[in-house]
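Visitor: My structure is below; once you've seen it, I'll send some questions.
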Amino acid sequence: MRKQIHIKQSLIAKSIGLLLGTSVLTVTAPVIAQQVSDDTEVIQISGIRGGLLRAIDQKRDAANVMDAISAEDIGDFPDQNIAESLTRIPGVSISRSRGEGNGVTVRGFGPQFNNVSLNNRTMATVRAGREFDFQVIPSELIQDAHVVKTPTAEMTEGSIGASINLITANPLDLPEQTLTGSITAFNSQLAGKTGTKLSGLYSNVFNDGKLGFLVGVSFDDRETRTDTSRANGGWQSQNMTLPNPNAPGETITVGTRIDKFHQNRLDLDNNKRAALTTTVQYRPNENWDLKADVFYTSHDVNNDSYVNVNAAHIGRFENVVLDEHNTALKYDKVGSPLSVSSNDESRATETLLVGLNAAWEKDDIEMEFDLAWSEAESIGDQRLVSVGTPPADTSYTFDHLNKDAPDFIVNSDTSLTNLSDFRGHFATFSANEITDEVLDAKLNFTWHGDSGALKAGLAYQDRTKEFLQIETPSKPVNVKCSFCGRKQELLGEGIAVDFPVEDFLKDLNGNFPRDFLAINPQALLAFYDTIKPGVAEQFSPVLDPVGSSLVDESTLSGYVQAEFMGDIGNLPFSGNAGLRIVQTKQTSAGYGQDIESVVKTVPDDPTDPNLTINFTPQQAVEVNNQYTDVLPSLNLTFELQDDLILRYAAAKVITRPTLSEIATRRNFSANGQNYNTSGGNPLLTPFEADQQDITLEWYASEDMSLALAIFRKDIKTFIAEETRPLVVPGPTGDLVFDNTSPQNVAGGEISGFEIAYTHVFSELPDMLDGLGMQANYTFATSSDSRADNESIPVNSVAPSSALEGFAKNTYNLIAFYENSGFSARLAYNLRDNFLATRKGRAGLPENVESYGQLDFSLGYEINDNISVHLEGINATNERNVRYADIRARVLDVEFSGQRYMFTVRGKM
């Protein structure tokens, strides 16, 4: 494991080098015009209808249960974000970050359960696990997206939900010369900012159609804003001394649940993205097809956040109002501090995928070899400072009665915008470096017979993911708390800055501060250095070996698959049956240590609850794990009649634990009445499930299809966070830490059905010709075998028996019109409320409220080469809400606002 931070050669430099290596193949193109090699008339249907027809054909011709999204034209995917487009598919919903789709859920299985590949290759990612971030790939560079819900033996294992393959264009499959480009103005209504996006794609064919070259580029610069009201620590347990209703003049101690660290938070983000794809394809004869391709993307994010916190962990409670579950929904707080914090964070991410593919066929034999290497690197840094009011000077009223965001009224003379009312408190500077490297090699053979085919192959993958945590040291001296206690007056120049917006949380009714003190972290640190010379250098982050980790995983798999066809009487059928065997070896390395003792951070201040954890010396840790999975699969297709298809599929499927779950690193925290430690478990084995699908597909015409699918998954093994007590000596007695780590547990089951309908009403009169609709609905029920035996925290309500992440109802409705160069589309998608986690903040369940979003797009073709488009995302300004075990205990209310994009697109 590396002990020192270093920055590798830029991935863009690597990709440029690879491109220069193929520059001999590029030529100067003449005036671009589509050519046809013979007199055959070629009709290429583009636009909304063309994309739908291609997707329907791909679904109908598939050997298993799958759905597809196809580009409406070259470089024109249906939405600016690929994840948003995938919501058109039955059973698909998405997660959003700052309002933009970044993860896909299929039939209730979240991003970690879905393999996402680019041209059937694993792409490295800097997310915590294996999940794919759809924000890194521009939609303009994607030609098709396939969502495969039933696997075959030849497919890469690892998906209980679905396998999603994003496909870029091949130059020899395009017209001889192709040039497309677009410029987009992106407006975020909440941020009040307009950014730009540029994209282009060029391809050409040489050497009598044997050699093709393609290059695509995209540049994106936009600003967004998110407003959030958040119960940052959850609804925590709190003992209160209250008047005894049965004995006037006496008091009793009551256990309650309280939003102890409520935040109102403003996030301002600047996102810069760049992407490049290039492919060289060579078909020297009818036997060979050779391809080399490079895909590069960079994503730079700068975030400024401003937070106002009411910290109710010390002081006196008065006039408390409790509900039937002892939730403290309203109270007056006396002698409790108020805090504001500012966070300056940046992250630079680069991802590179390089691939070589060779396909050969002759007579009845096919062979394909694919080699791919991918690396993702991310370097982030953060400067977080917090200042607070002296507890003795502060009192306030907190009112959460019948409100998603609480009223928060300061009753003392304290001003949240006046620097002189605040004192120094907590500060930390941190950074991290994440590196993910993937090597993929595949070799496939196919032999075709009279009534089928026999396939066999081998695959090898080696993946290494390293996480380096760098932060202000908290041991042996807790530098982060050099000024904790809220005693140091703040007299430096430039510490206070203007709050950057005037309409904070404008869409939430209530009486709470919408303007509060904003802090310049660098100015505050410079002031601290005048008080304690040299402290600025002490705040500099250093490598934390215990918070860092390295995971190496290698898999070796082989498969055999038989494809067959025939007739049962007059009933034609086809199918495939196969077996895949995969061996997984994992090594998790890092450093470990145990808690030795816990002491008060400020020994002479009885009002300060902050604690410092003392640890045993660090020791190197390395844990090895190995397991083998045997995965059978079967897919059958029956052609009941020319336009009616029945499918049946069965398979055993797995999803490996995320790479962060099997890491050795651990985190410790102690604050007030809450003591926690959490970390990974290198000995985890995969999620396992047996699944069955039955689908009936009716293709009434080329413009209409109706499909019904019934599915069931019997989950044999699940992975869930489990919390066990860890007793540690404290300053006034033993402290009980909640020790949380992932464990293999019993699974559960999920079953449901999907129905999808697509129709272009081509039989209507001319003016209405081109009117159409898409509609799909998914119903799913699930049960968690742990539900009957889990312990229920005090003053809480048990979560539902459903598995985590599974919504009962999901639907998408799309109406569109396309005629005479004009196009319009209106899309609404909804995901029902669902249980996000059984044990979240403060040990309580976390639920996500149902969320529906309305999007629209308008387009007009000015001529054969130029078109204009207007797209609106979240047109009705919906919000995301998350709550704990009961609806009154709201955790998060988040607004990201409407987004509008105006695009001019051209092609030649």
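Order determines the names: the first chain of the structure tokens is A, the second B, and so forth; residues in each chain are numbered 1 upward, and ligands are numbered 1 upward as they are shown.
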Show me, as a tab-separated table, the residues of stretch 768-847 of chain A having an atom within 7 Å of stretch 106-116 of chain A, each with the closest atom pair and its distance in Å, using only C-alpha atoms.
Guide:
```
residue	atom	partner	partner_atom	distance
A:Gly805	CA	A:Gly108	CA	5.7
A:Phe806	CA	A:Gly108	CA	4.2
A:Ala807	CA	A:Gly108	CA	6.1
```
Visitor: I need the residues in stretch 347-431 of chain A that are strand (DSSP E or B) according to DSSP; give them as a PyMOL selection string.
Guide: chain A and resi 347-362+365-388+395-399+407-410+423-431
Visitor: List as a ChimeraX atom specification the protein and nucleic acid residues near A:Phe573, meaning an atom at most 8 Å away when only C-alpha atoms are counted, but skip any in the same chain fewer than 4 places from it.
Guide: /A:565-568,636-639
Visitor: Which polymer residues have any atom within 12 Å of an atom of A:Glu878, counting only C-alpha atoms, with same-chain residues fewer than 2 positions away left out, as an NGL selection string?
Guide: :A and (99 or 507-508 or 828-830 or 849-855 or 873-876 or 880-881 or 893-899)
Visitor: Keeping N, CA and C atoms, export the residues of the selection given above as a compact mmCIF listing (two decimals), in the first residue's frame.
Guide:
```
# COMPACT_ATOMS: atom_id res chain seq x y z
N GLY A 99 -29.90 17.02 -8.59
CA GLY A 99 -30.94 17.11 -9.60
C GLY A 99 -30.64 16.40 -10.89
N ASP A 507 -38.75 27.94 -1.72
CA ASP A 507 -39.92 27.09 -1.96
C ASP A 507 -40.41 26.39 -0.70
N LEU A 508 -39.82 26.70 0.43
CA LEU A 508 -40.28 26.16 1.71
C LEU A 508 -40.89 27.28 2.54
N TYR A 828 -43.58 12.01 -18.02
CA TYR A 828 -43.73 12.03 -16.55
C TYR A 828 -43.34 10.67 -16.02
N ASN A 829 -42.45 10.65 -15.03
CA ASN A 829 -42.08 9.38 -14.39
C ASN A 829 -42.22 9.51 -12.89
N LEU A 830 -42.67 8.41 -12.27
CA LEU A 830 -42.91 8.41 -10.83
C LEU A 830 -42.38 7.13 -10.21
N GLU A 849 -39.67 9.45 0.11
CA GLU A 849 -41.03 9.74 -0.30
C GLU A 849 -41.17 9.61 -1.81
N SER A 850 -42.35 9.25 -2.26
CA SER A 850 -42.58 9.09 -3.70
C SER A 850 -42.20 10.38 -4.42
N TYR A 851 -41.64 10.19 -5.61
CA TYR A 851 -41.14 11.33 -6.37
C TYR A 851 -41.57 11.20 -7.82
N GLY A 852 -42.20 12.22 -8.34
CA GLY A 852 -42.58 12.26 -9.74
C GLY A 852 -42.00 13.49 -10.40
N GLN A 853 -41.58 13.34 -11.66
CA GLN A 853 -40.94 14.45 -12.36
C GLN A 853 -41.50 14.58 -13.76
N LEU A 854 -41.77 15.82 -14.15
CA LEU A 854 -42.29 16.13 -15.48
C LEU A 854 -41.21 16.80 -16.30
N ASP A 855 -40.93 16.22 -17.47
CA ASP A 855 -39.95 16.77 -18.41
C ASP A 855 -40.63 17.00 -19.76
N ILE A 873 -36.29 20.06 -17.75
CA ILE A 873 -36.16 18.98 -16.77
C ILE A 873 -36.74 19.45 -15.44
N ASN A 874 -37.56 18.61 -14.83
CA ASN A 874 -38.21 18.94 -13.56
C ASN A 874 -39.00 20.24 -13.70
N ALA A 875 -39.87 20.27 -14.71
CA ALA A 875 -40.58 21.49 -15.06
C ALA A 875 -41.47 22.01 -13.94
N THR A 876 -41.94 21.14 -13.07
CA THR A 876 -42.83 21.57 -11.99
C THR A 876 -42.10 21.77 -10.67
N ASN A 880 -37.17 16.51 -3.35
CA ASN A 880 -36.89 15.18 -2.81
C ASN A 880 -37.03 15.22 -1.30
N VAL A 881 -37.76 14.25 -0.75
CA VAL A 881 -37.99 14.19 0.70
C VAL A 881 -37.61 12.81 1.21
N VAL A 893 -35.16 17.59 3.01
CA VAL A 893 -36.00 18.19 1.99
C VAL A 893 -35.04 18.93 1.05
N GLU A 894 -34.98 18.47 -0.20
CA GLU A 894 -33.96 18.99 -1.12
C GLU A 894 -34.61 19.55 -2.38
N PHE A 895 -34.14 20.73 -2.77
CA PHE A 895 -34.59 21.37 -4.00
C PHE A 895 -33.40 21.59 -4.92
N SER A 896 -33.56 21.21 -6.19
CA SER A 896 -32.52 21.50 -7.17
C SER A 896 -33.05 22.36 -8.32
N GLY A 897 -34.36 22.59 -8.34
CA GLY A 897 -34.95 23.52 -9.29
C GLY A 897 -35.13 22.97 -10.69
N GLN A 898 -35.71 23.80 -11.55
CA GLN A 898 -35.90 23.43 -12.95
C GLN A 898 -34.62 23.68 -13.73
N ARG A 899 -34.46 22.88 -14.81
CA ARG A 899 -33.33 23.06 -15.72
C ARG A 899 -33.88 23.15 -17.15
```
Visitor: For A:Gly558, work out the shell of residues within 7 Å, counting only C-alpha atoms and skipping chain neighbours fewer than 2 positions away, then give it as number ranges by chain.
Guide: A: 457-459, 580-582
Visitor: Enumerate as JSON, numbers by chain all residues of stretch 481-708 of chain A assigned to helix (DSSP H, G or I) by DSSP on the backbone, naming them with the chain letters and numbers the document uses.
Guide: {"A": [481, 521, 522, 523, 524, 525, 526, 527, 528, 529, 530, 531, 535, 536, 537, 538]}
Visitor: For stretch 405-407 of chain A, work out the shell of residues within 7 Å, counting only C-alpha atoms and skipping chain neighbours fewer than 2 positions away, then give it as number ranges by chain.
Guide: A: 229, 398-400, 403, 409, 510-512
Visitor: Taking 5 positions as the minimum chain separation for residues in the same chain, which residues sit within 7 Å of A:Leu706 when counting only C-alpha atoms? Answer as a short mmCIF file (atom, residue, chain, number, x, y, z; two decimals) with N, CA and C atoms, in the first residue's frame.
Guide:
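Just written: out-v9.cif:
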```cif
data_model
loop_
_atom_site.label_atom_id
_atom_site.label_comp_id
_atom_site.auth_asym_id
_atom_site.auth_seq_id
_atom_site.Cartn_x
_atom_site.Cartn_y
_atom_site.Cartn_z
N GLU A 697 -45.07 -10.73 -25.57
CA GLU A 697 -44.83 -9.54 -26.37
C GLU A 697 -45.68 -9.59 -27.65
N TRP A 698 -46.45 -8.55 -27.87
CA TRP A 698 -47.32 -8.47 -29.05
C TRP A 698 -46.84 -7.31 -29.91
N TYR A 699 -46.46 -7.61 -31.15
CA TYR A 699 -46.02 -6.60 -32.10
C TYR A 699 -47.09 -6.47 -33.18
N ALA A 756 -45.83 -2.71 -20.69
CA ALA A 756 -45.30 -1.60 -21.49
C ALA A 756 -46.05 -1.52 -22.81
N TYR A 757 -46.36 -0.30 -23.22
CA TYR A 757 -47.15 -0.08 -24.44
C TYR A 757 -46.50 1.07 -25.22
N THR A 758 -46.29 0.83 -26.50
CA THR A 758 -45.75 1.86 -27.40
C THR A 758 -46.62 1.90 -28.65
#
```
Visitor: Which residues of stretch 109-195 of chain A come within 12 Å of stretch 618-633 of chain A, and for each one, what is the closest pair of atoms and their distance in Å to one decimal, counting only C-alpha atoms, sorted by chain and residue number, as a Markdown table?
Guide:
```
| residue | atom | partner | partner_atom | distance |
| --- | --- | --- | --- | --- |
| A:Thr150 | CA | A:Ser633 | CA | 8.5 |
| A:Pro151 | CA | A:Ser633 | CA | 6.8 |
| A:Thr152 | CA | A:Ser633 | CA | 5.8 |
| A:Ala153 | CA | A:Ser633 | CA | 6.1 |
| A:Glu154 | CA | A:Ser633 | CA | 9.8 |
| A:Met155 | CA | A:Ser633 | CA | 10.4 |
| A:Thr156 | CA | A:Leu631 | CA | 10.9 |
| A:Glu157 | CA | A:Leu631 | CA | 8.4 |
| A:Gly158 | CA | A:Leu631 | CA | 10.5 |
| A:Ser159 | CA | A:Leu631 | CA | 11.7 |
| A:Ile160 | CA | A:Leu631 | CA | 11.9 |
```
Visitor: Report, in Å with one decimal, the straight-line distance from atom CA of A:His146 to atom CA of A:Gly91.
Guide: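 Taking atom CA of A:His146 and atom CA of A:Gly91, their separation equals 13.4 Å.
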Visitor: For A:Asn187, which residue out of A:Gly209, A:Ala456, A:Arg225, A:Pro391 is the nearest one, using only C-alpha atoms?
Guide: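 Of the candidates, the smallest distance to A:Asn187 is held by A:Arg225.
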